[in-house]
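Heads up, input15.txt below (compact mmCIF, N, CA and C atoms):
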```
# COMPACT_ATOMS: atom_id res chain seq x y z
N MET A 1 146.53 134.50 41.97
CA MET A 1 147.89 134.48 42.46
C MET A 1 147.87 134.63 43.98
N HIS A 2 148.65 133.82 44.66
CA HIS A 2 148.75 133.89 46.11
C HIS A 2 149.56 135.11 46.52
N LEU A 3 149.30 135.65 47.69
CA LEU A 3 149.96 136.86 48.16
C LEU A 3 151.49 136.69 48.20
N ASP A 4 151.97 135.56 48.69
CA ASP A 4 153.42 135.34 48.74
C ASP A 4 154.05 135.39 47.35
N GLU A 5 153.36 134.85 46.38
CA GLU A 5 153.87 134.86 45.01
C GLU A 5 153.93 136.30 44.48
N LEU A 6 152.90 137.07 44.76
CA LEU A 6 152.88 138.47 44.35
C LEU A 6 154.02 139.24 45.03
N VAL A 7 154.21 139.03 46.33
CA VAL A 7 155.29 139.71 47.05
C VAL A 7 156.63 139.39 46.41
N ASN A 8 156.87 138.12 46.10
CA ASN A 8 158.15 137.73 45.49
C ASN A 8 158.36 138.39 44.13
N LYS A 9 157.32 138.50 43.35
CA LYS A 9 157.44 139.13 42.03
C LYS A 9 157.70 140.63 42.16
N VAL A 10 156.99 141.27 43.08
CA VAL A 10 157.17 142.70 43.31
C VAL A 10 158.57 142.97 43.87
N GLU A 11 159.02 142.12 44.77
CA GLU A 11 160.36 142.25 45.35
C GLU A 11 161.43 142.15 44.26
N ALA A 12 161.26 141.22 43.34
CA ALA A 12 162.23 141.06 42.25
C ALA A 12 162.29 142.31 41.38
N VAL A 13 161.15 142.90 41.07
CA VAL A 13 161.12 144.13 40.27
C VAL A 13 161.81 145.27 41.03
N SER A 14 161.51 145.40 42.32
CA SER A 14 162.10 146.46 43.12
C SER A 14 163.61 146.29 43.27
N ALA A 15 164.05 145.07 43.50
CA ALA A 15 165.49 144.81 43.63
C ALA A 15 166.21 145.12 42.32
N ASN A 16 165.60 144.77 41.20
CA ASN A 16 166.20 145.08 39.91
C ASN A 16 166.29 146.59 39.70
N TYR A 17 165.26 147.31 40.05
CA TYR A 17 165.25 148.77 39.98
C TYR A 17 166.40 149.35 40.81
N ALA A 18 166.55 148.84 42.02
CA ALA A 18 167.59 149.33 42.92
C ALA A 18 168.98 149.08 42.35
N ARG A 19 169.19 147.91 41.78
CA ARG A 19 170.48 147.60 41.16
C ARG A 19 170.75 148.54 39.97
N LYS A 20 169.75 148.71 39.15
CA LYS A 20 169.89 149.52 37.94
C LYS A 20 170.23 150.97 38.25
N TYR A 21 169.60 151.51 39.29
CA TYR A 21 169.77 152.94 39.60
C TYR A 21 170.63 153.21 40.83
N GLY A 22 171.23 152.16 41.39
CA GLY A 22 172.12 152.34 42.53
C GLY A 22 171.42 152.83 43.78
N VAL A 23 170.22 152.33 44.03
CA VAL A 23 169.42 152.76 45.17
C VAL A 23 169.64 151.78 46.33
N GLU A 24 169.87 152.34 47.52
CA GLU A 24 169.95 151.50 48.71
C GLU A 24 168.56 151.40 49.32
N ARG A 25 168.03 150.22 49.31
CA ARG A 25 166.67 150.00 49.84
C ARG A 25 166.77 149.64 51.32
N ASP A 26 166.80 150.65 52.16
CA ASP A 26 166.82 150.42 53.60
C ASP A 26 165.43 150.72 54.16
N ALA A 27 165.28 150.59 55.47
CA ALA A 27 163.97 150.78 56.09
C ALA A 27 163.39 152.16 55.78
N THR A 28 164.24 153.17 55.79
CA THR A 28 163.77 154.53 55.49
C THR A 28 163.28 154.63 54.06
N TRP A 29 164.01 154.04 53.13
CA TRP A 29 163.63 154.10 51.73
C TRP A 29 162.25 153.49 51.51
N PHE A 30 162.01 152.32 52.12
CA PHE A 30 160.71 151.66 51.93
C PHE A 30 159.57 152.53 52.43
N LEU A 31 159.75 153.17 53.58
CA LEU A 31 158.69 154.03 54.11
C LEU A 31 158.51 155.28 53.26
N LEU A 32 159.61 155.90 52.86
CA LEU A 32 159.51 157.11 52.05
C LEU A 32 158.92 156.84 50.67
N LYS A 33 159.25 155.69 50.08
CA LYS A 33 158.65 155.34 48.79
C LYS A 33 157.14 155.17 48.92
N LEU A 34 156.70 154.61 50.03
CA LEU A 34 155.26 154.49 50.25
C LEU A 34 154.63 155.87 50.33
N HIS A 35 155.26 156.79 51.05
CA HIS A 35 154.75 158.16 51.14
C HIS A 35 154.73 158.81 49.77
N GLU A 36 155.78 158.61 48.99
CA GLU A 36 155.83 159.17 47.64
C GLU A 36 154.65 158.67 46.81
N GLU A 37 154.42 157.37 46.85
CA GLU A 37 153.32 156.80 46.07
C GLU A 37 151.96 157.25 46.58
N LEU A 38 151.82 157.41 47.89
CA LEU A 38 150.56 157.94 48.43
C LEU A 38 150.31 159.37 47.94
N GLY A 39 151.37 160.15 47.84
CA GLY A 39 151.24 161.50 47.30
C GLY A 39 150.79 161.48 45.85
N GLU A 40 151.37 160.57 45.07
CA GLU A 40 150.98 160.46 43.66
C GLU A 40 149.54 159.97 43.54
N LEU A 41 149.13 159.05 44.42
CA LEU A 41 147.74 158.59 44.42
C LEU A 41 146.80 159.74 44.77
N THR A 42 147.18 160.53 45.76
CA THR A 42 146.36 161.67 46.15
C THR A 42 146.21 162.66 45.00
N GLN A 43 147.33 162.97 44.34
CA GLN A 43 147.26 163.90 43.21
C GLN A 43 146.37 163.32 42.11
N SER A 44 146.51 162.06 41.82
CA SER A 44 145.71 161.42 40.79
C SER A 44 144.23 161.46 41.14
N PHE A 45 143.91 161.18 42.40
CA PHE A 45 142.52 161.23 42.85
C PHE A 45 141.95 162.64 42.69
N LEU A 46 142.71 163.64 43.11
CA LEU A 46 142.23 165.01 43.00
C LEU A 46 141.99 165.40 41.55
N MET A 47 142.88 164.99 40.67
CA MET A 47 142.70 165.28 39.24
C MET A 47 141.47 164.55 38.70
N MET A 48 141.31 163.28 39.06
CA MET A 48 140.20 162.48 38.56
C MET A 48 138.85 163.01 39.02
N THR A 49 138.81 163.57 40.24
CA THR A 49 137.56 164.06 40.80
C THR A 49 137.32 165.54 40.55
N GLY A 50 138.17 166.16 39.71
CA GLY A 50 137.98 167.56 39.36
C GLY A 50 138.38 168.54 40.43
N GLN A 51 139.18 168.10 41.39
CA GLN A 51 139.62 168.97 42.48
C GLN A 51 141.03 169.49 42.26
N ALA A 52 141.61 169.15 41.10
CA ALA A 52 142.92 169.66 40.69
C ALA A 52 142.90 169.71 39.17
N ARG A 53 143.80 170.47 38.60
CA ARG A 53 143.82 170.57 37.13
C ARG A 53 144.13 169.21 36.52
N ASP A 54 143.51 168.96 35.39
CA ASP A 54 143.63 167.64 34.76
C ASP A 54 144.83 167.51 33.82
N LYS A 55 145.59 168.58 33.66
CA LYS A 55 146.78 168.60 32.80
C LYS A 55 146.49 168.12 31.38
N GLY A 56 145.26 168.36 30.93
CA GLY A 56 144.88 168.01 29.56
C GLY A 56 144.54 166.54 29.36
N LYS A 57 144.44 165.78 30.44
CA LYS A 57 144.13 164.35 30.31
C LYS A 57 142.62 164.14 30.24
N SER A 58 142.23 163.11 29.51
CA SER A 58 140.82 162.76 29.40
C SER A 58 140.37 162.05 30.68
N PRO A 59 139.04 161.97 30.91
CA PRO A 59 138.55 161.22 32.07
C PRO A 59 139.05 159.77 32.08
N GLU A 60 139.16 159.16 30.92
CA GLU A 60 139.65 157.78 30.84
C GLU A 60 141.11 157.69 31.26
N GLU A 61 141.92 158.66 30.81
CA GLU A 61 143.33 158.68 31.20
C GLU A 61 143.49 158.94 32.69
N LEU A 62 142.68 159.82 33.23
CA LEU A 62 142.74 160.11 34.67
C LEU A 62 142.34 158.88 35.48
N ALA A 63 141.33 158.16 35.04
CA ALA A 63 140.91 156.94 35.73
C ALA A 63 142.00 155.87 35.65
N ALA A 64 142.64 155.75 34.50
CA ALA A 64 143.72 154.78 34.34
C ALA A 64 144.91 155.15 35.23
N ASP A 65 145.23 156.43 35.31
CA ASP A 65 146.31 156.89 36.19
C ASP A 65 145.98 156.56 37.64
N PHE A 66 144.74 156.78 38.04
CA PHE A 66 144.32 156.49 39.42
C PHE A 66 144.50 155.00 39.72
N ARG A 67 144.03 154.14 38.82
CA ARG A 67 144.18 152.69 39.03
C ARG A 67 145.65 152.30 39.14
N ALA A 68 146.49 152.89 38.31
CA ALA A 68 147.93 152.59 38.35
C ALA A 68 148.54 153.03 39.68
N GLU A 69 148.12 154.17 40.18
CA GLU A 69 148.66 154.66 41.46
C GLU A 69 148.19 153.80 42.62
N VAL A 70 146.96 153.29 42.57
CA VAL A 70 146.51 152.36 43.60
C VAL A 70 147.42 151.13 43.61
N ALA A 71 147.74 150.63 42.42
CA ALA A 71 148.64 149.47 42.31
C ALA A 71 150.02 149.81 42.87
N ASP A 72 150.52 151.00 42.59
CA ASP A 72 151.83 151.41 43.11
C ASP A 72 151.83 151.42 44.64
N VAL A 73 150.78 151.95 45.24
CA VAL A 73 150.69 151.98 46.70
C VAL A 73 150.65 150.56 47.25
N LEU A 74 149.85 149.70 46.64
CA LEU A 74 149.78 148.31 47.10
C LEU A 74 151.16 147.66 47.04
N CYS A 75 151.86 147.83 45.93
CA CYS A 75 153.18 147.22 45.78
C CYS A 75 154.17 147.75 46.82
N GLN A 76 154.11 149.04 47.10
CA GLN A 76 155.01 149.59 48.11
C GLN A 76 154.66 149.09 49.51
N VAL A 77 153.39 148.89 49.80
CA VAL A 77 152.99 148.29 51.09
C VAL A 77 153.54 146.86 51.18
N LEU A 78 153.41 146.10 50.09
CA LEU A 78 153.94 144.74 50.08
C LEU A 78 155.45 144.75 50.31
N LEU A 79 156.17 145.67 49.67
CA LEU A 79 157.61 145.75 49.84
C LEU A 79 158.00 146.15 51.26
N LEU A 80 157.28 147.10 51.83
CA LEU A 80 157.55 147.52 53.21
C LEU A 80 157.33 146.35 54.16
N ALA A 81 156.24 145.65 53.99
CA ALA A 81 155.95 144.49 54.84
C ALA A 81 157.02 143.41 54.68
N HIS A 82 157.40 143.15 53.45
CA HIS A 82 158.43 142.13 53.18
C HIS A 82 159.75 142.51 53.85
N HIS A 83 160.13 143.77 53.73
CA HIS A 83 161.39 144.24 54.32
C HIS A 83 161.41 144.02 55.83
N HIS A 84 160.26 144.18 56.46
CA HIS A 84 160.16 144.06 57.92
C HIS A 84 159.64 142.69 58.37
N ASP A 85 159.63 141.73 57.45
CA ASP A 85 159.19 140.36 57.76
C ASP A 85 157.80 140.31 58.38
N VAL A 86 156.90 141.11 57.85
CA VAL A 86 155.51 141.10 58.32
C VAL A 86 154.78 140.00 57.56
N ASP A 87 154.17 139.10 58.27
CA ASP A 87 153.33 138.06 57.67
C ASP A 87 151.95 138.68 57.43
N LEU A 88 151.74 139.17 56.22
CA LEU A 88 150.50 139.89 55.92
C LEU A 88 149.27 139.02 56.07
N ASP A 89 149.35 137.76 55.66
CA ASP A 89 148.20 136.87 55.83
C ASP A 89 147.80 136.81 57.30
N ALA A 90 148.77 136.60 58.18
CA ALA A 90 148.48 136.49 59.61
C ALA A 90 147.99 137.81 60.19
N GLU A 91 148.63 138.90 59.79
CA GLU A 91 148.24 140.20 60.35
C GLU A 91 146.86 140.65 59.87
N VAL A 92 146.55 140.40 58.62
CA VAL A 92 145.20 140.74 58.13
C VAL A 92 144.16 139.89 58.86
N ALA A 93 144.46 138.63 59.03
CA ALA A 93 143.52 137.76 59.76
C ALA A 93 143.34 138.24 61.20
N ARG A 94 144.44 138.61 61.85
CA ARG A 94 144.39 139.04 63.25
C ARG A 94 143.71 140.39 63.41
N LYS A 95 143.99 141.31 62.50
CA LYS A 95 143.54 142.69 62.65
C LYS A 95 142.18 142.95 62.00
N TRP A 96 141.90 142.30 60.88
CA TRP A 96 140.68 142.58 60.11
C TRP A 96 139.68 141.45 60.12
N LEU A 97 140.13 140.26 59.76
CA LEU A 97 139.18 139.17 59.52
C LEU A 97 138.51 138.65 60.79
N VAL A 98 139.08 138.96 61.93
CA VAL A 98 138.45 138.59 63.19
C VAL A 98 137.09 139.25 63.32
N TRP A 99 136.89 140.36 62.61
CA TRP A 99 135.64 141.10 62.66
C TRP A 99 134.64 140.66 61.60
N ASN A 100 135.02 139.67 60.80
CA ASN A 100 134.13 139.17 59.76
C ASN A 100 132.85 138.64 60.40
N PRO A 101 131.69 139.17 60.02
CA PRO A 101 130.44 138.75 60.65
C PRO A 101 130.06 137.29 60.31
N ALA A 102 130.61 136.75 59.24
CA ALA A 102 130.27 135.38 58.85
C ALA A 102 131.58 134.65 58.49
N PRO A 103 132.41 134.35 59.52
CA PRO A 103 133.68 133.67 59.20
C PRO A 103 133.45 132.34 58.51
N SER A 104 134.30 132.08 57.52
CA SER A 104 134.18 130.80 56.81
C SER A 104 134.79 129.70 57.65
N SER A 105 134.26 128.50 57.48
CA SER A 105 134.75 127.38 58.27
C SER A 105 135.77 126.58 57.51
```
Would you mind writing the file's structure down as structure tokens?
Amino acid sequence: MHLDELVNKVEAVSANYARKYGVERDATWFLLKLHEELGELTQSFLMMTGQARDKGKSPEELAADFRAEVADVLCQVLLLAHHHDVDLDAEVARKWLVWNPAPSS
């Protein structure tokens, strides 16, 4: 799936959520949701690595929770970028891929 297609699908889910629960998705909301998801990812990581109580979850459940939280963070980054009209393909190329030791032709 291309990044733009993923962004559009994630945006549709988020917009539906906002309509359903009466949430105003403004610039502050997008940033705070990312922070919220980063906190949940951090908690999940700590639980998975034995640095926080596991709340009775198995190692498999903790690993699944961690993977889900990584996905949540990614989706919130995509939504934040979309809200601010950030061209992620261009920015990743400019900021990261320029350092690729073997750029593809």
- [ ] Could you tell me which of A:Thr49, A:Val86, A:Ser44, A:Phe30 comes closest to Arg67 of chain A if we count all atoms listed in the file?
- [x] A:Ser44
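If you look at atom CA of His35 of chain A and atom CA of Asn100 of chain A, they are 29.3 Å away from each other.
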Applying 8 Å and all atoms listed in the file, which residues near His83 of chain A remain after dropping the ones on its own chain fewer than 4 positions away? List them as a compact mmCIF listing (two decimals) with N, CA and C atoms, in the coordinates of the input.
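Saved the output as selection_6.txt:
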```
# COMPACT_ATOMS: atom_id res chain seq x y z
N ASP A 26 166.80 150.65 52.16
CA ASP A 26 166.82 150.42 53.60
C ASP A 26 165.43 150.72 54.16
N ALA A 27 165.28 150.59 55.47
CA ALA A 27 163.97 150.78 56.09
C ALA A 27 163.39 152.16 55.78
N PHE A 30 162.01 152.32 52.12
CA PHE A 30 160.71 151.66 51.93
C PHE A 30 159.57 152.53 52.43
N VAL A 77 153.39 148.89 49.80
CA VAL A 77 152.99 148.29 51.09
C VAL A 77 153.54 146.86 51.18
N LEU A 78 153.41 146.10 50.09
CA LEU A 78 153.94 144.74 50.08
C LEU A 78 155.45 144.75 50.31
N LEU A 79 156.17 145.67 49.67
CA LEU A 79 157.61 145.75 49.84
C LEU A 79 158.00 146.15 51.26
```
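From atom CA of Val10 of chain A back to atom CA of Cys75 of chain A, the distance works out to 6.5 Å.
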Task: Residues near Asp65 of chain A, cut-off 8 Å, all atoms listed in the file, skip fewer than 5 positions along chain, as a PyMOL selection string - done: chain A and resi 40-41+44-45+59-60+70-71
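Here atom C of Thr28 of chain A and atom C of Ala93 of chain A stand 26.8 Å from one another.
Here the question is which of A:Ser14, A:Lys55, A:Gln76, A:Gly50 gets nearest to Leu38 of chain A using only C-alpha atoms, and that residue is A:Gln76.
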Task: Secondary structure check, helix (DSSP H, G or I) residues of chain A, as a ChimeraX atom specification - done: /A:3-21,27-48,59-83,88-95,97-99
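Among the candidates A:Thr42, A:His82, A:Ala102, A:Asp87, the one nearest to Ala12 of chain A when counting only C-alpha atoms is A:His82.
Considering all atoms listed in the file, the residue among A:Leu3, A:Val98, A:Leu62, A:Leu34 positioned nearest to Met47 of chain A is A:Leu62.
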Please, what is the axis-aligned box for every listed atom of segment 4-14 of chain A with 8 Å on each side, as centre and edge lengths in Å to one decimal, as JSON?
```
{"center_x": 157.8, "center_y": 140.7, "center_z": 44.5, "size_x": 27.6, "size_y": 27.6, "size_z": 24.5}
```
